[in-house]
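Novice: Okay, handing you the structure first.
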Amino acid sequence: MTTSPTTTAPAPGPASAPAPDADAERLRRWRLVLGGDRADGTGYGLTGRDAAMDAALAALYGNGEQGARGSGRPRGGERSAGLGGSAPSVARWLGDIRTYFPSSVVQVMQKDAIDRLGLASLLLEPEMLEAVQPDVHLVGTLLSLNRAMPETTKETARAVVRKVVEDLEKRLASRTRATLTGALDRSAKVSRPRHHDIGWNRTIAANLKNYLPEYNTVVPERLIGYGRASQAVKKEVVLCIDQSGSMAASVVYASVFGAVLASMRSIATRLVVFDTAVVDLTDQLDDPVDVLFGTQLGGGTDINRALAYCQSQITRPSETVVVLISDLYEGGIRDEMLKRVAAMKAAGVQFVALLALSDEGAPAYDRDHAAALGALGAPAFACTPDLFPEVMAAALEKRPLPIPDTA
């Protein structure tokens, strides 16, 4: 939840309503942010919709004793924390925040409610799942509760997860396919390209020795170009995903991308998840929901064991991209892990290390291991879902990765 005084402002009133006094509006916004305790200094009172918004914020972010139990209303005009601890009161609160706040803020408040007030157990109730707004963080929480989930809740949980997955596929699939199809076309080099398939930058670079200064031109003895990749020409991609609890959002996004890649005939895709054990979920890639429910968030981490399995599955090293998605907190044998990465790269494998595949940026991660991978020519960085297609395209074409400046 941001502390900006503009975050929680309600939608503007009808066009015919007079514009509020600028000073009063500023006080109102600061009052909503600061919470109305004796030290907030605004002296501003809230009524109507503003008071209801404040009560919703108070239930999650306030301090002190709750007012009337389950009412969501603080005593004495001051914020107090608590949602009453029961499913009905939480369901009402979830409905309130969807009424008063935009979707992006609702997602943050739901995540904070689960983290701050311990509401995860309530998500095991079907009625509660029907009240929440589905998002990536909610899916991660549900997956972590998968083993404790009663049968009466599982179908509702799958419906929630499927909605999020379908929304992500709509957002990401078309651009990913288009970007990677272009990369595969360009990676199919030919020695006698047609005119429209000539790669002029590479052709000029390869023929600079034939520069004729008197004509100010280069004579292209050798043309470098790209054929159109046929459906039979395949690259191989191995997604190796850390399923420790901190990687929940990355698991969700990686499963969706895995399904998209698997739908492309020119790419053979394998998806492997690991903690201290390794599970190959490749045969479930036609349905990312099945992949997600096949994961087990939490537990330890053995990257070395996971990479050993992935290495054993590689049959065409020079045509393979291995993507390790992990915060690199290794519980296995560190030196062996690094030796495996070095061996794969020496064999021609393109190795990509992502600290996260999520919208949140770089998480906490093992900096020593990240530096060691970087020294092997495999820089480790956080990647947003929007950047992932470009990263994969660069890896398929064997060109430098588009590493963000904030990595």
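Just remember, in the structure tokens the first chain shown is A, the second B, etc., residues are 1-based per chain, and ligands are 1-based in the order shown.
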What residues in range 177-376 of chain A get the DSSP label strand (DSSP E or B)? Please answer as a PyMOL selection string.
Specialist: chain A and resi 189-190+198+211-212+217-218+225-226+235-242+267-274+278-280+320-325+350-357
Novice: How would the residues just chosen look if you wrote them out with N, CA and C atoms as a short mmCIF file (atom, residue, chain, number, x, y, z; two decimals), in the first residue's frame?
Specialist:
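For reference, again_24.cif as written:
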```cif
data_model
loop_
_atom_site.label_atom_id
_atom_site.label_comp_id
_atom_site.auth_asym_id
_atom_site.auth_seq_id
_atom_site.Cartn_x
_atom_site.Cartn_y
_atom_site.Cartn_z
N LYS A 189 20.00 -19.75 -40.62
CA LYS A 189 20.90 -19.09 -41.57
C LYS A 189 21.04 -19.90 -42.86
N VAL A 190 21.14 -19.19 -43.98
CA VAL A 190 21.38 -19.84 -45.27
C VAL A 190 22.50 -19.10 -45.98
N ILE A 198 18.18 -11.33 -46.85
CA ILE A 198 19.58 -11.00 -46.57
C ILE A 198 19.69 -10.22 -45.26
N TYR A 211 36.18 -3.72 -49.14
CA TYR A 211 35.79 -2.31 -49.31
C TYR A 211 36.64 -1.67 -50.42
N LEU A 212 35.96 -0.97 -51.34
CA LEU A 212 36.64 -0.29 -52.45
C LEU A 212 36.51 1.21 -52.24
N THR A 217 32.28 1.75 -51.55
CA THR A 217 31.32 0.67 -51.42
C THR A 217 32.01 -0.61 -50.98
N VAL A 218 31.21 -1.58 -50.56
CA VAL A 218 31.70 -2.90 -50.18
C VAL A 218 31.19 -3.90 -51.21
N GLY A 225 22.30 -14.57 -44.76
CA GLY A 225 20.87 -14.32 -44.64
C GLY A 225 20.18 -15.38 -43.83
N TYR A 226 18.87 -15.30 -43.82
CA TYR A 226 18.06 -16.19 -43.00
C TYR A 226 16.98 -16.83 -43.86
N LYS A 235 14.16 -25.78 -31.95
CA LYS A 235 15.03 -25.45 -30.83
C LYS A 235 14.47 -26.17 -29.61
N GLU A 236 15.29 -26.37 -28.62
CA GLU A 236 14.84 -27.01 -27.40
C GLU A 236 14.98 -26.04 -26.24
N VAL A 237 13.93 -25.92 -25.44
CA VAL A 237 13.92 -25.03 -24.29
C VAL A 237 13.60 -25.84 -23.05
N VAL A 238 14.42 -25.67 -22.02
CA VAL A 238 14.19 -26.32 -20.73
C VAL A 238 13.96 -25.23 -19.69
N LEU A 239 12.76 -25.20 -19.13
CA LEU A 239 12.46 -24.28 -18.03
C LEU A 239 12.64 -25.03 -16.72
N CYS A 240 13.58 -24.57 -15.91
CA CYS A 240 13.92 -25.23 -14.64
C CYS A 240 13.53 -24.27 -13.52
N ILE A 241 12.46 -24.59 -12.78
CA ILE A 241 11.80 -23.61 -11.93
C ILE A 241 11.91 -24.00 -10.46
N ASP A 242 12.47 -23.10 -9.69
CA ASP A 242 12.54 -23.23 -8.24
C ASP A 242 11.14 -23.03 -7.66
N ILE A 267 9.46 -25.43 -31.35
CA ILE A 267 10.20 -25.44 -30.09
C ILE A 267 9.78 -26.65 -29.27
N ALA A 268 10.75 -27.48 -28.91
CA ALA A 268 10.49 -28.60 -27.99
C ALA A 268 10.72 -28.10 -26.58
N THR A 269 9.68 -28.07 -25.77
CA THR A 269 9.73 -27.45 -24.44
C THR A 269 9.62 -28.49 -23.34
N ARG A 270 10.49 -28.34 -22.35
CA ARG A 270 10.44 -29.20 -21.16
C ARG A 270 10.31 -28.30 -19.95
N LEU A 271 9.44 -28.66 -19.01
CA LEU A 271 9.26 -27.88 -17.79
C LEU A 271 9.54 -28.75 -16.58
N VAL A 272 10.51 -28.29 -15.76
CA VAL A 272 10.95 -29.04 -14.59
C VAL A 272 10.83 -28.13 -13.37
N VAL A 273 10.21 -28.63 -12.31
CA VAL A 273 10.15 -27.87 -11.06
C VAL A 273 10.93 -28.63 -10.00
N PHE A 274 11.45 -27.88 -9.04
CA PHE A 274 12.28 -28.54 -8.03
C PHE A 274 12.22 -27.80 -6.69
N VAL A 278 13.07 -33.31 -7.67
CA VAL A 278 12.89 -32.79 -9.03
C VAL A 278 11.67 -33.47 -9.65
N VAL A 279 10.77 -32.68 -10.23
CA VAL A 279 9.57 -33.22 -10.86
C VAL A 279 9.49 -32.68 -12.28
N ASP A 280 9.36 -33.57 -13.25
CA ASP A 280 9.22 -33.19 -14.65
C ASP A 280 7.73 -33.12 -14.98
N THR A 320 19.91 -25.74 -27.75
CA THR A 320 19.13 -25.80 -26.52
C THR A 320 19.33 -24.55 -25.68
N VAL A 321 18.24 -24.06 -25.11
CA VAL A 321 18.26 -22.97 -24.15
C VAL A 321 17.75 -23.51 -22.81
N VAL A 322 18.55 -23.36 -21.76
CA VAL A 322 18.14 -23.73 -20.41
C VAL A 322 17.87 -22.45 -19.63
N VAL A 323 16.67 -22.33 -19.07
CA VAL A 323 16.29 -21.17 -18.29
C VAL A 323 16.11 -21.61 -16.83
N LEU A 324 17.03 -21.19 -15.97
CA LEU A 324 16.92 -21.46 -14.54
C LEU A 324 16.24 -20.26 -13.88
N ILE A 325 15.11 -20.50 -13.23
CA ILE A 325 14.37 -19.44 -12.53
C ILE A 325 14.46 -19.74 -11.04
N GLN A 350 22.75 -22.45 -24.44
CA GLN A 350 22.51 -21.08 -24.01
C GLN A 350 21.86 -21.14 -22.63
N PHE A 351 22.53 -20.60 -21.62
CA PHE A 351 22.06 -20.71 -20.25
C PHE A 351 21.59 -19.34 -19.76
N VAL A 352 20.35 -19.28 -19.29
CA VAL A 352 19.75 -18.04 -18.80
C VAL A 352 19.37 -18.23 -17.34
N ALA A 353 19.82 -17.31 -16.47
CA ALA A 353 19.49 -17.39 -15.04
C ALA A 353 18.62 -16.20 -14.66
N LEU A 354 17.38 -16.48 -14.26
CA LEU A 354 16.46 -15.43 -13.86
C LEU A 354 16.21 -15.52 -12.35
N LEU A 355 16.47 -14.43 -11.65
CA LEU A 355 16.24 -14.39 -10.20
C LEU A 355 14.75 -14.39 -9.89
N ALA A 356 13.96 -13.91 -10.82
CA ALA A 356 12.51 -13.89 -10.68
C ALA A 356 11.91 -13.68 -12.05
N LEU A 357 10.71 -14.20 -12.25
CA LEU A 357 9.91 -13.92 -13.43
C LEU A 357 8.58 -13.39 -12.93
#
```
Novice: Find the residue from A:Pro134, A:Gly62, A:Gly294, A:Gly95 that sits nearest to Leu117 in chain A; use only C-alpha atoms when measuring.
Specialist: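 Smallest separation from Leu117 in chain A among the options: A:Gly62.
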Novice: Got a sec: who's within 12 Å of Pro400 in chain A, counting only C-alpha atoms, leaving out chain neighbours fewer than 2 positions off, as a list in words?
Specialist: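 Close residues of Pro400 in chain A: Gln350, Phe351, Val352, Gly377, Ala378, Pro379, Glu390, Val391, Met392, Ala393, Ala394, Ala395, Leu396, Glu397, Lys398, Pro402 and Ile403 of chain A.
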Novice: Could you write out the selected residues, including all heavy atoms, as a short mmCIF file (atom, residue, chain, number, x, y, z; two decimals), in the first residue's frame?
Specialist:
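Saved file out.cif follows:
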```cif
data_model
loop_
_atom_site.label_atom_id
_atom_site.label_comp_id
_atom_site.auth_asym_id
_atom_site.auth_seq_id
_atom_site.Cartn_x
_atom_site.Cartn_y
_atom_site.Cartn_z
N GLN A 350 22.75 -22.45 -24.44
CA GLN A 350 22.51 -21.08 -24.01
C GLN A 350 21.86 -21.14 -22.63
O GLN A 350 20.76 -21.69 -22.48
CB GLN A 350 21.59 -20.37 -25.00
CG GLN A 350 22.15 -20.26 -26.40
CD GLN A 350 23.44 -19.46 -26.43
OE1 GLN A 350 23.48 -18.30 -26.06
NE2 GLN A 350 24.51 -20.10 -26.88
N PHE A 351 22.53 -20.60 -21.62
CA PHE A 351 22.06 -20.71 -20.25
C PHE A 351 21.59 -19.34 -19.76
O PHE A 351 22.34 -18.36 -19.81
CB PHE A 351 23.17 -21.24 -19.33
CG PHE A 351 22.69 -21.63 -17.96
CD1 PHE A 351 22.28 -22.91 -17.69
CD2 PHE A 351 22.64 -20.69 -16.93
CE1 PHE A 351 21.83 -23.27 -16.43
CE2 PHE A 351 22.19 -21.03 -15.67
CZ PHE A 351 21.78 -22.33 -15.41
N VAL A 352 20.35 -19.28 -19.29
CA VAL A 352 19.75 -18.04 -18.80
C VAL A 352 19.37 -18.23 -17.34
O VAL A 352 18.69 -19.20 -17.00
CB VAL A 352 18.49 -17.66 -19.62
CG1 VAL A 352 17.87 -16.37 -19.10
CG2 VAL A 352 18.83 -17.54 -21.10
N GLY A 377 29.70 -16.33 -17.51
CA GLY A 377 29.02 -15.84 -18.70
C GLY A 377 27.54 -16.07 -18.69
O GLY A 377 26.88 -16.05 -19.74
N ALA A 378 26.96 -16.29 -17.49
CA ALA A 378 25.52 -16.49 -17.34
C ALA A 378 25.01 -15.49 -16.31
O ALA A 378 24.74 -15.86 -15.16
CB ALA A 378 25.21 -17.92 -16.91
N PRO A 379 24.88 -14.22 -16.67
CA PRO A 379 24.43 -13.22 -15.70
C PRO A 379 23.04 -13.54 -15.17
O PRO A 379 22.16 -13.98 -15.92
CB PRO A 379 24.44 -11.92 -16.52
CG PRO A 379 24.33 -12.35 -17.94
CD PRO A 379 25.07 -13.65 -18.01
N GLU A 390 11.51 -11.17 -25.18
CA GLU A 390 12.74 -10.62 -25.75
C GLU A 390 13.97 -11.38 -25.25
O GLU A 390 14.93 -11.60 -26.00
CB GLU A 390 12.86 -9.13 -25.40
CG GLU A 390 11.71 -8.28 -25.89
CD GLU A 390 11.59 -8.26 -27.40
OE1 GLU A 390 12.62 -8.49 -28.07
OE2 GLU A 390 10.48 -8.05 -27.91
N VAL A 391 13.96 -11.76 -23.98
CA VAL A 391 15.07 -12.54 -23.43
C VAL A 391 15.18 -13.88 -24.15
O VAL A 391 16.26 -14.31 -24.55
CB VAL A 391 14.88 -12.74 -21.91
CG1 VAL A 391 15.90 -13.76 -21.36
CG2 VAL A 391 15.03 -11.42 -21.17
N MET A 392 14.04 -14.54 -24.34
CA MET A 392 14.06 -15.84 -25.01
C MET A 392 14.48 -15.70 -26.47
O MET A 392 15.22 -16.54 -27.00
CB MET A 392 12.68 -16.49 -24.92
CG MET A 392 12.32 -16.99 -23.53
SD MET A 392 13.52 -18.20 -22.89
CE MET A 392 13.45 -19.45 -24.15
N ALA A 393 14.01 -14.65 -27.14
CA ALA A 393 14.40 -14.44 -28.54
C ALA A 393 15.91 -14.27 -28.66
O ALA A 393 16.55 -14.83 -29.55
CB ALA A 393 13.66 -13.23 -29.11
N ALA A 394 16.49 -13.47 -27.75
CA ALA A 394 17.93 -13.26 -27.78
C ALA A 394 18.67 -14.57 -27.53
O ALA A 394 19.69 -14.87 -28.18
CB ALA A 394 18.33 -12.22 -26.73
N ALA A 395 18.19 -15.38 -26.60
CA ALA A 395 18.84 -16.66 -26.31
C ALA A 395 18.75 -17.60 -27.50
O ALA A 395 19.72 -18.29 -27.85
CB ALA A 395 18.21 -17.30 -25.08
N LEU A 396 17.60 -17.64 -28.17
CA LEU A 396 17.44 -18.51 -29.33
C LEU A 396 18.36 -18.09 -30.48
O LEU A 396 18.87 -18.93 -31.22
CB LEU A 396 15.99 -18.49 -29.80
CG LEU A 396 14.97 -19.20 -28.89
CD1 LEU A 396 13.56 -18.92 -29.36
CD2 LEU A 396 15.22 -20.70 -28.83
N GLU A 397 18.57 -16.78 -30.61
CA GLU A 397 19.45 -16.28 -31.67
C GLU A 397 20.91 -16.22 -31.26
O GLU A 397 21.77 -15.80 -32.04
CB GLU A 397 18.99 -14.88 -32.08
CG GLU A 397 17.63 -14.86 -32.76
CD GLU A 397 17.28 -13.46 -33.23
OE1 GLU A 397 17.96 -12.95 -34.15
OE2 GLU A 397 16.35 -12.86 -32.66
N LYS A 398 21.20 -16.56 -30.01
CA LYS A 398 22.57 -16.56 -29.48
C LYS A 398 23.20 -15.16 -29.55
O LYS A 398 24.37 -15.00 -29.92
CB LYS A 398 23.45 -17.58 -30.22
CG LYS A 398 22.92 -19.01 -30.12
CD LYS A 398 23.83 -20.00 -30.80
CE LYS A 398 23.29 -21.41 -30.66
NZ LYS A 398 24.15 -22.44 -31.30
N PRO A 402 18.94 -8.98 -23.30
CA PRO A 402 18.54 -7.62 -22.94
C PRO A 402 18.36 -7.48 -21.43
O PRO A 402 17.23 -7.46 -20.91
CB PRO A 402 17.21 -7.45 -23.69
CG PRO A 402 16.63 -8.84 -23.75
CD PRO A 402 17.83 -9.75 -23.89
N ILE A 403 19.46 -7.38 -20.72
CA ILE A 403 19.43 -7.34 -19.26
C ILE A 403 18.97 -5.95 -18.81
O ILE A 403 19.57 -4.95 -19.20
CB ILE A 403 20.81 -7.67 -18.67
CG1 ILE A 403 21.24 -9.05 -19.13
CG2 ILE A 403 20.79 -7.58 -17.14
CD1 ILE A 403 22.68 -9.39 -18.74
#
```
Novice: Could you check which of A:Leu292, A:Leu387, A:Ala342, A:Ala277 is closest to Ala306 in chain A, using only C-alpha atoms?
Specialist: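 Among the listed residues, A:Ala277 lies closest to Ala306 in chain A.
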Novice: Find the distance between CA of Leu328 in chain A and CA of Ala370 in chain A and write it in Å to one decimal.
Specialist: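 Computing it gives 7.1 Å between the two atoms.
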Novice: Which residue out of A:Leu223, A:Leu143, A:Ala346, A:Leu119 has the minimum interatomic distance to Trp200 in chain A when only C-alpha atoms are used?
Specialist: A:Leu223
Novice: Of the candidates A:Ser326, A:Thr176, A:Thr99, A:Thr295, which one gets nearest to Arg147 in chain A if we count only C-alpha atoms?
Specialist: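 Under the stated criterion, the closest residue is A:Thr295.
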Novice: Which residue out of A:Gly118, A:Gln107, A:Lys209, A:Val90 has the minimum interatomic distance to Ala131 in chain A when only C-alpha atoms are used?
Specialist: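 That would be A:Val90, the residue with the smallest distance to Ala131 in chain A.
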Novice: Between CA of Val136 in chain A and CA of Ser104 in chain A, what is the spacing in Å?
Specialist: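 Separation of CA of Ser104 in chain A and CA of Val136 in chain A: 11.9 Å.
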Novice: Fewer than 3 positions away in the same chain doesn't count, so skip those; otherwise give me all residues within 9 Å of Pro404 in chain A, counting only C-alpha atoms, as a ChimeraX atom specification.
Specialist: /A:381-383,387,407
Novice: Write a file of the just-selected residues containing N, CA and C atoms, as a short mmCIF file (atom, residue, chain, number, x, y, z; two decimals), in the first residue's frame.
Specialist:
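Below is the file that was written, out-v7.cif:
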```
data_model
loop_
_atom_site.label_atom_id
_atom_site.label_comp_id
_atom_site.auth_asym_id
_atom_site.auth_seq_id
_atom_site.Cartn_x
_atom_site.Cartn_y
_atom_site.Cartn_z
N PHE A 381 19.60 -12.17 -13.44
CA PHE A 381 18.86 -10.92 -13.30
C PHE A 381 17.37 -11.23 -13.19
N ALA A 382 16.63 -10.28 -12.63
CA ALA A 382 15.18 -10.41 -12.54
C ALA A 382 14.56 -9.98 -13.87
N CYS A 383 13.49 -10.64 -14.24
CA CYS A 383 12.86 -10.39 -15.54
C CYS A 383 11.36 -10.24 -15.35
N LEU A 387 9.17 -8.59 -20.53
CA LEU A 387 10.50 -8.67 -21.12
C LEU A 387 10.88 -10.10 -21.51
N ALA A 407 18.79 -4.77 -12.81
CA ALA A 407 19.13 -6.13 -12.39
C ALA A 407 20.20 -6.13 -11.30
#
```
Novice: Report, in Å with one decimal, the straight-line distance from CA of Thr152 in chain A to CA of Val132 in chain A.
Specialist: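 These atoms are spaced 17.1 Å apart.
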Novice: So that I can check the surroundings of Gly298 in chain A, please list as a CSV table (one decimal) with C-alpha atoms, in the first residue's frame every protein, DNA and RNA residue that reaches within 9 Å of it, counting only C-alpha atoms and ignoring chain neighbours fewer than 4 positions away.
Specialist:
```csv
chain,number,residue,atom,x,y,z
A,144,SER,CA,0.9,-23.2,-1.1
A,243,GLN,CA,9.3,-23.9,-6.4
A,244,SER,CA,10.4,-22.6,-3.0
A,245,GLY,CA,7.8,-20.4,-1.3
A,246,SER,CA,9.4,-17.1,-2.3
A,247,MET,CA,9.1,-18.0,-6.0
A,248,ALA,CA,5.3,-18.3,-6.1
A,275,ASP,CA,12.8,-28.1,-4.3
```
Novice: Write out as a ChimeraX atom specification the set of residues from range 191-332 of chain A that DSSP, computed on the backbone, places in alpha helix (DSSP H).
Specialist: /A:200-206,248-262,288-293,303-312
Novice: The selected residues should be written to file as a compact mmCIF listing (two decimals), in the first residue's frame (atoms: N, CA, C and O atoms).
Specialist:
```txt
# COMPACT_ATOMS: atom_id res chain seq x y z
N TRP A 200 21.63 -7.65 -43.83
CA TRP A 200 22.60 -6.69 -44.37
C TRP A 200 23.69 -6.32 -43.38
O TRP A 200 24.86 -6.16 -43.76
N ASN A 201 23.36 -6.13 -42.13
CA ASN A 201 24.39 -5.76 -41.14
C ASN A 201 25.49 -6.81 -41.07
O ASN A 201 26.69 -6.50 -41.08
N ARG A 202 25.09 -8.09 -41.00
CA ARG A 202 26.09 -9.15 -40.92
C ARG A 202 26.82 -9.33 -42.25
O ARG A 202 28.01 -9.67 -42.28
N THR A 203 26.11 -9.16 -43.34
CA THR A 203 26.75 -9.29 -44.66
C THR A 203 27.84 -8.23 -44.84
O THR A 203 28.95 -8.52 -45.29
N ILE A 204 27.53 -6.98 -44.48
CA ILE A 204 28.52 -5.91 -44.61
C ILE A 204 29.72 -6.17 -43.70
O ILE A 204 30.89 -6.02 -44.11
N ALA A 205 29.44 -6.58 -42.45
CA ALA A 205 30.54 -6.84 -41.51
C ALA A 205 31.45 -7.95 -42.01
O ALA A 205 32.68 -7.90 -41.85
N ALA A 206 30.87 -8.96 -42.65
CA ALA A 206 31.66 -10.10 -43.13
C ALA A 206 32.47 -9.75 -44.38
O ALA A 206 33.40 -10.48 -44.75
N ALA A 248 6.68 -17.99 -5.72
CA ALA A 248 5.32 -18.32 -6.12
C ALA A 248 4.90 -17.63 -7.41
O ALA A 248 4.39 -18.26 -8.34
N ALA A 249 5.07 -16.31 -7.49
CA ALA A 249 4.65 -15.58 -8.70
C ALA A 249 5.42 -16.06 -9.92
O ALA A 249 4.87 -16.18 -11.02
N SER A 250 6.72 -16.36 -9.74
CA SER A 250 7.54 -16.84 -10.85
C SER A 250 7.05 -18.18 -11.36
O SER A 250 7.05 -18.44 -12.57
N VAL A 251 6.60 -19.04 -10.45
CA VAL A 251 6.07 -20.35 -10.85
C VAL A 251 4.83 -20.16 -11.72
O VAL A 251 4.64 -20.85 -12.73
N VAL A 252 3.97 -19.23 -11.32
CA VAL A 252 2.74 -18.99 -12.09
C VAL A 252 3.07 -18.52 -13.50
O VAL A 252 2.59 -19.07 -14.49
N TYR A 253 3.90 -17.49 -13.61
CA TYR A 253 4.24 -16.96 -14.93
C TYR A 253 4.99 -17.98 -15.77
O TYR A 253 4.74 -18.12 -16.98
N ALA A 254 5.93 -18.70 -15.16
CA ALA A 254 6.71 -19.69 -15.92
C ALA A 254 5.82 -20.80 -16.46
O ALA A 254 6.04 -21.30 -17.57
N SER A 255 4.81 -21.19 -15.70
CA SER A 255 3.89 -22.24 -16.17
C SER A 255 3.10 -21.76 -17.39
O SER A 255 2.89 -22.52 -18.34
N VAL A 256 2.68 -20.51 -17.36
CA VAL A 256 1.94 -19.96 -18.50
C VAL A 256 2.86 -19.87 -19.72
O VAL A 256 2.48 -20.29 -20.83
N PHE A 257 4.06 -19.35 -19.54
CA PHE A 257 5.00 -19.27 -20.67
C PHE A 257 5.36 -20.67 -21.18
O PHE A 257 5.52 -20.87 -22.38
N GLY A 258 5.50 -21.61 -20.26
CA GLY A 258 5.80 -22.98 -20.69
C GLY A 258 4.72 -23.53 -21.60
O GLY A 258 5.02 -24.18 -22.62
N ALA A 259 3.45 -23.27 -21.27
CA ALA A 259 2.35 -23.74 -22.10
C ALA A 259 2.36 -23.05 -23.46
O ALA A 259 2.10 -23.67 -24.49
N VAL A 260 2.69 -21.75 -23.49
CA VAL A 260 2.77 -21.02 -24.76
C VAL A 260 3.89 -21.58 -25.63
O VAL A 260 3.70 -21.83 -26.83
N LEU A 261 5.06 -21.79 -25.04
CA LEU A 261 6.19 -22.34 -25.81
C LEU A 261 5.86 -23.75 -26.33
O LEU A 261 6.20 -24.09 -27.46
N ALA A 262 5.20 -24.54 -25.49
CA ALA A 262 4.88 -25.91 -25.89
C ALA A 262 3.88 -25.93 -27.05
O ALA A 262 3.80 -26.93 -27.78
N PRO A 288 -1.74 -25.35 -18.27
CA PRO A 288 -0.92 -24.77 -17.20
C PRO A 288 -1.57 -24.86 -15.81
O PRO A 288 -0.87 -24.81 -14.81
N VAL A 289 -2.89 -25.01 -15.76
CA VAL A 289 -3.54 -25.19 -14.45
C VAL A 289 -3.10 -26.52 -13.84
O VAL A 289 -2.81 -26.60 -12.64
N ASP A 290 -3.04 -27.57 -14.66
CA ASP A 290 -2.55 -28.86 -14.17
C ASP A 290 -1.09 -28.74 -13.73
O ASP A 290 -0.69 -29.33 -12.72
N VAL A 291 -0.31 -27.98 -14.49
CA VAL A 291 1.09 -27.77 -14.10
C VAL A 291 1.16 -27.12 -12.72
O VAL A 291 1.91 -27.56 -11.84
N LEU A 292 0.38 -26.08 -12.52
CA LEU A 292 0.43 -25.35 -11.25
C LEU A 292 0.00 -26.23 -10.08
O LEU A 292 0.62 -26.18 -9.01
N PHE A 293 -1.02 -27.02 -10.27
CA PHE A 293 -1.45 -27.90 -9.18
C PHE A 293 -0.54 -29.11 -9.03
O PHE A 293 -0.65 -29.86 -8.07
N ILE A 303 19.47 -26.87 -6.30
CA ILE A 303 19.62 -26.46 -7.70
C ILE A 303 20.51 -27.44 -8.44
O ILE A 303 20.27 -27.77 -9.61
N ASN A 304 21.54 -27.92 -7.78
CA ASN A 304 22.47 -28.84 -8.43
C ASN A 304 21.75 -30.09 -8.92
O ASN A 304 21.96 -30.54 -10.06
N ARG A 305 20.90 -30.66 -8.09
CA ARG A 305 20.16 -31.86 -8.50
C ARG A 305 19.25 -31.55 -9.69
O ARG A 305 19.14 -32.34 -10.63
N ALA A 306 18.58 -30.40 -9.65
CA ALA A 306 17.69 -30.03 -10.75
C ALA A 306 18.45 -29.85 -12.05
O ALA A 306 18.02 -30.33 -13.11
N LEU A 307 19.60 -29.18 -11.99
CA LEU A 307 20.39 -28.98 -13.20
C LEU A 307 20.98 -30.29 -13.71
O LEU A 307 21.14 -30.48 -14.92
N ALA A 308 21.29 -31.21 -12.79
CA ALA A 308 21.78 -32.53 -13.22
C ALA A 308 20.72 -33.24 -14.05
O ALA A 308 21.01 -33.85 -15.08
N TYR A 309 19.46 -33.15 -13.60
CA TYR A 309 18.38 -33.78 -14.36
C TYR A 309 18.22 -33.10 -15.72
O TYR A 309 18.12 -33.77 -16.76
N CYS A 310 18.19 -31.77 -15.72
CA CYS A 310 18.03 -31.05 -16.99
C CYS A 310 19.16 -31.38 -17.95
O CYS A 310 18.94 -31.58 -19.16
N GLN A 311 20.37 -31.44 -17.43
CA GLN A 311 21.54 -31.75 -18.27
C GLN A 311 21.39 -33.13 -18.91
O GLN A 311 21.76 -33.34 -20.07
N SER A 312 20.81 -34.07 -18.17
CA SER A 312 20.64 -35.43 -18.69
C SER A 312 19.62 -35.51 -19.81
O SER A 312 19.59 -36.49 -20.57
```
Novice: Residues at most 12 Å from Asp112 in chain A, counting only C-alpha atoms, excluding those fewer than 5 positions away in the same chain, as a list in words?
Specialist: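 Residues meeting the cut-off are Met1, Thr2, Leu57, Ala59, Leu60, Tyr61, Val105, Val106, Gln107, Leu117, Gly118, Leu119, Ala120, His137, Leu138 and Thr141 of chain A.
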